[in-house]
$ cat run-v1.cif   # mmCIF, C-alpha atoms, pLDDT in the B column; chains and numbers go by the auth columns
data_target
#
loop_
_atom_site.group_PDB
_atom_site.id
_atom_site.type_symbol
_atom_site.label_atom_id
_atom_site.label_comp_id
_atom_site.label_asym_id
_atom_site.label_seq_id
_atom_site.Cartn_x
_atom_site.Cartn_y
_atom_site.Cartn_z
_atom_site.B_iso_or_equiv
_atom_site.auth_seq_id
_atom_site.auth_asym_id
ATOM 1 C CA MET A 1 -4.874 -148.632 99.309 50.00 1 M
ATOM 2 C CA SER A 2 -6.534 -145.315 99.198 53.00 2 M
ATOM 3 C CA ASN A 3 -8.077 -143.684 102.257 56.00 3 M
ATOM 4 C CA ALA A 4 -10.764 -142.091 100.080 60.00 4 M
ATOM 5 C CA THR A 5 -14.255 -143.140 101.036 63.00 5 M
ATOM 6 C CA LYS A 6 -16.148 -144.686 98.186 63.00 6 M
ATOM 7 C CA GLU A 7 -19.526 -143.101 97.637 64.00 7 M
ATOM 8 C CA PRO A 8 -22.291 -145.631 97.179 57.00 8 M
ATOM 9 C CA LYS A 9 -23.636 -145.793 93.642 65.00 9 M
ATOM 10 C CA PRO A 10 -27.068 -144.221 93.427 63.00 10 M
ATOM 11 C CA ASN A 11 -29.916 -146.625 92.884 69.00 11 M
ATOM 12 C CA GLN A 12 -30.738 -146.362 89.190 68.00 12 M
ATOM 13 C CA SER A 13 -34.468 -146.951 89.728 71.00 13 M
ATOM 14 C CA THR A 14 -34.543 -144.093 92.259 78.00 14 M
ATOM 15 C CA ASP A 15 -32.743 -141.870 89.767 88.00 15 M
ATOM 16 C CA LEU A 16 -35.353 -142.719 87.123 90.00 16 M
ATOM 17 C CA VAL A 17 -38.188 -141.902 89.510 90.00 17 M
ATOM 18 C CA LEU A 18 -36.606 -138.566 90.434 91.00 18 M
ATOM 19 C CA GLN A 19 -35.997 -137.760 86.782 92.00 19 M
ATOM 20 C CA GLU A 20 -39.653 -138.426 86.001 94.00 20 M
ATOM 21 C CA ILE A 21 -40.805 -136.272 88.937 95.00 21 M
ATOM 22 C CA TRP A 22 -38.550 -133.416 87.809 95.00 22 M
ATOM 23 C CA ARG A 23 -39.768 -133.787 84.202 96.00 23 M
ATOM 24 C CA VAL A 24 -43.420 -133.582 85.284 97.00 24 M
ATOM 25 C CA LYS A 25 -42.669 -130.626 87.585 96.00 25 M
ATOM 26 C CA ASP A 26 -40.848 -128.773 84.820 96.00 26 M
ATOM 27 C CA THR A 27 -43.639 -129.463 82.315 97.00 27 M
ATOM 28 C CA LEU A 28 -46.310 -128.261 84.749 95.00 28 M
ATOM 29 C CA SER A 29 -44.291 -125.157 85.607 95.00 29 M
ATOM 30 C CA ALA A 30 -43.726 -124.344 81.935 97.00 30 M
ATOM 31 C CA SER A 31 -47.449 -124.725 81.182 97.00 31 M
ATOM 32 C CA TYR A 32 -48.094 -121.812 83.580 96.00 32 M
ATOM 33 C CA GLY A 33 -45.204 -119.708 82.288 97.00 33 M
ATOM 34 C CA HIS A 34 -43.214 -120.561 85.425 96.00 34 M
ATOM 35 C CA ASP A 35 -45.647 -118.295 87.335 97.00 35 M
ATOM 36 C CA VAL A 36 -46.561 -119.890 90.679 95.00 36 M
ATOM 37 C CA ASP A 37 -49.347 -117.334 91.267 96.00 37 M
ATOM 38 C CA HIS A 38 -50.973 -118.329 87.966 97.00 38 M
ATOM 39 C CA LEU A 39 -50.609 -122.032 88.804 95.00 39 M
ATOM 40 C CA PHE A 40 -52.292 -121.623 92.203 93.00 40 M
ATOM 41 C CA ALA A 41 -55.031 -119.334 90.844 95.00 41 M
ATOM 42 C CA ASP A 42 -55.923 -122.061 88.350 95.00 42 M
ATOM 43 C CA ALA A 43 -55.760 -124.742 91.055 92.00 43 M
ATOM 44 C CA ARG A 44 -58.144 -122.723 93.271 90.00 44 M
ATOM 45 C CA GLU A 45 -60.553 -122.267 90.340 94.00 45 M
ATOM 46 C CA ARG A 46 -60.509 -126.006 89.548 93.00 46 M
ATOM 47 C CA GLN A 47 -61.035 -126.688 93.254 90.00 47 M
ATOM 48 C CA LYS A 48 -64.120 -124.430 93.277 90.00 48 M
ATOM 49 C CA LEU A 49 -65.545 -126.063 90.152 94.00 49 M
ATOM 50 C CA SER A 50 -64.938 -129.602 91.429 92.00 50 M
ATOM 51 C CA GLY A 51 -67.907 -129.569 93.791 89.00 51 M
ATOM 52 C CA HIS A 52 -65.882 -131.396 96.443 89.00 52 M
ATOM 53 C CA ARG A 53 -65.767 -130.281 100.057 83.00 53 M
ATOM 54 C CA VAL A 54 -62.516 -128.522 100.827 81.00 54 M
ATOM 55 C CA VAL A 55 -60.784 -128.146 104.177 80.00 55 M
ATOM 56 C CA ASN A 56 -59.358 -124.664 104.704 78.00 56 M
ATOM 57 C CA LEU A 57 -56.417 -124.846 107.097 81.00 57 M
ATOM 58 C CA GLN A 58 -55.554 -121.152 106.681 80.00 58 M
ATOM 59 C CA ARG A 59 -58.329 -119.932 108.949 68.00 59 M
ATOM 60 C CA PRO A 60 -57.359 -119.845 112.611 75.00 60 M
ATOM 61 C CA ARG A 61 -59.262 -122.306 114.749 68.00 61 M
ATOM 62 C CA LYS A 62 -60.914 -121.093 117.907 72.00 62 M
ATOM 63 C CA LYS A 63 -61.013 -123.377 120.902 72.00 63 M
ATOM 64 C CA PRO A 64 -64.667 -124.142 121.730 69.00 64 M
ATOM 65 C CA ALA A 65 -65.989 -123.250 125.172 72.00 65 M
ATOM 66 C CA ASN A 66 -66.462 -126.952 126.000 71.00 66 M
ATOM 67 C CA GLY A 67 -62.682 -127.510 125.710 65.00 67 M
ATOM 68 C CA GLN A 68 -62.928 -130.119 122.961 67.00 68 M
ATOM 69 C CA ALA A 69 -60.859 -129.816 119.821 64.00 69 M
ATOM 70 C CA GLU A 70 -62.597 -128.141 116.913 63.00 70 M
ATOM 71 C CA THR A 71 -62.565 -129.747 113.491 64.00 71 M
ATOM 72 C CA PRO A 72 -61.127 -127.788 110.536 62.00 72 M
ATOM 73 C CA THR A 73 -63.421 -125.485 108.581 63.00 73 M
ATOM 74 C CA VAL A 74 -65.023 -127.297 105.636 65.00 74 M
ATOM 75 C CA ILE A 75 -66.074 -125.269 102.625 66.00 75 M
ATOM 76 C CA SER A 76 -68.675 -126.637 100.243 62.00 76 M
ATOM 77 C CA HIS A 77 -68.588 -125.237 96.720 60.00 77 M
#

$ encode --input "run-v1.cif" --output "structure tokens"
Amino acid sequence: MSNATKEPKPNQSTDLVLQEIWRVKDTLSASYGHDVDHLFADARERQKLSGHRVVNLQRPRKKPANGQAETPTVISH
């Protein structure tokens, strides 16, 4: 008998899911010329045009004087 450890066979359904995710990611990336800045600029523009409230987690939160936690900044477009 061999001492080699047998690797478990990957779950085929998981492989199919990952393949689909990678295919969608590659298609999306290609549609923006593989330019992440262009992709995010378009996403921000669509976000603005959506009319939905958006939480901005990039702005630093200040602790209120009353000591209670502040809620994130909400931007209405």

$ atom_distance --input "run-v1.cif" --atom1 "atom CA of M:Leu57" --atom2 "atom CA of M:Thr27"
28.3 Å

$ atom_distance --input "run-v1.cif" --atom1 "atom CA of M:Leu18" --atom2 "atom CA of M:Ser31"
19.9 Å

$ atom_distance --input "run-v1.cif" --atom1 "atom CA of M:Ile21" --atom2 "atom CA of M:Leu39"
17.3 Å
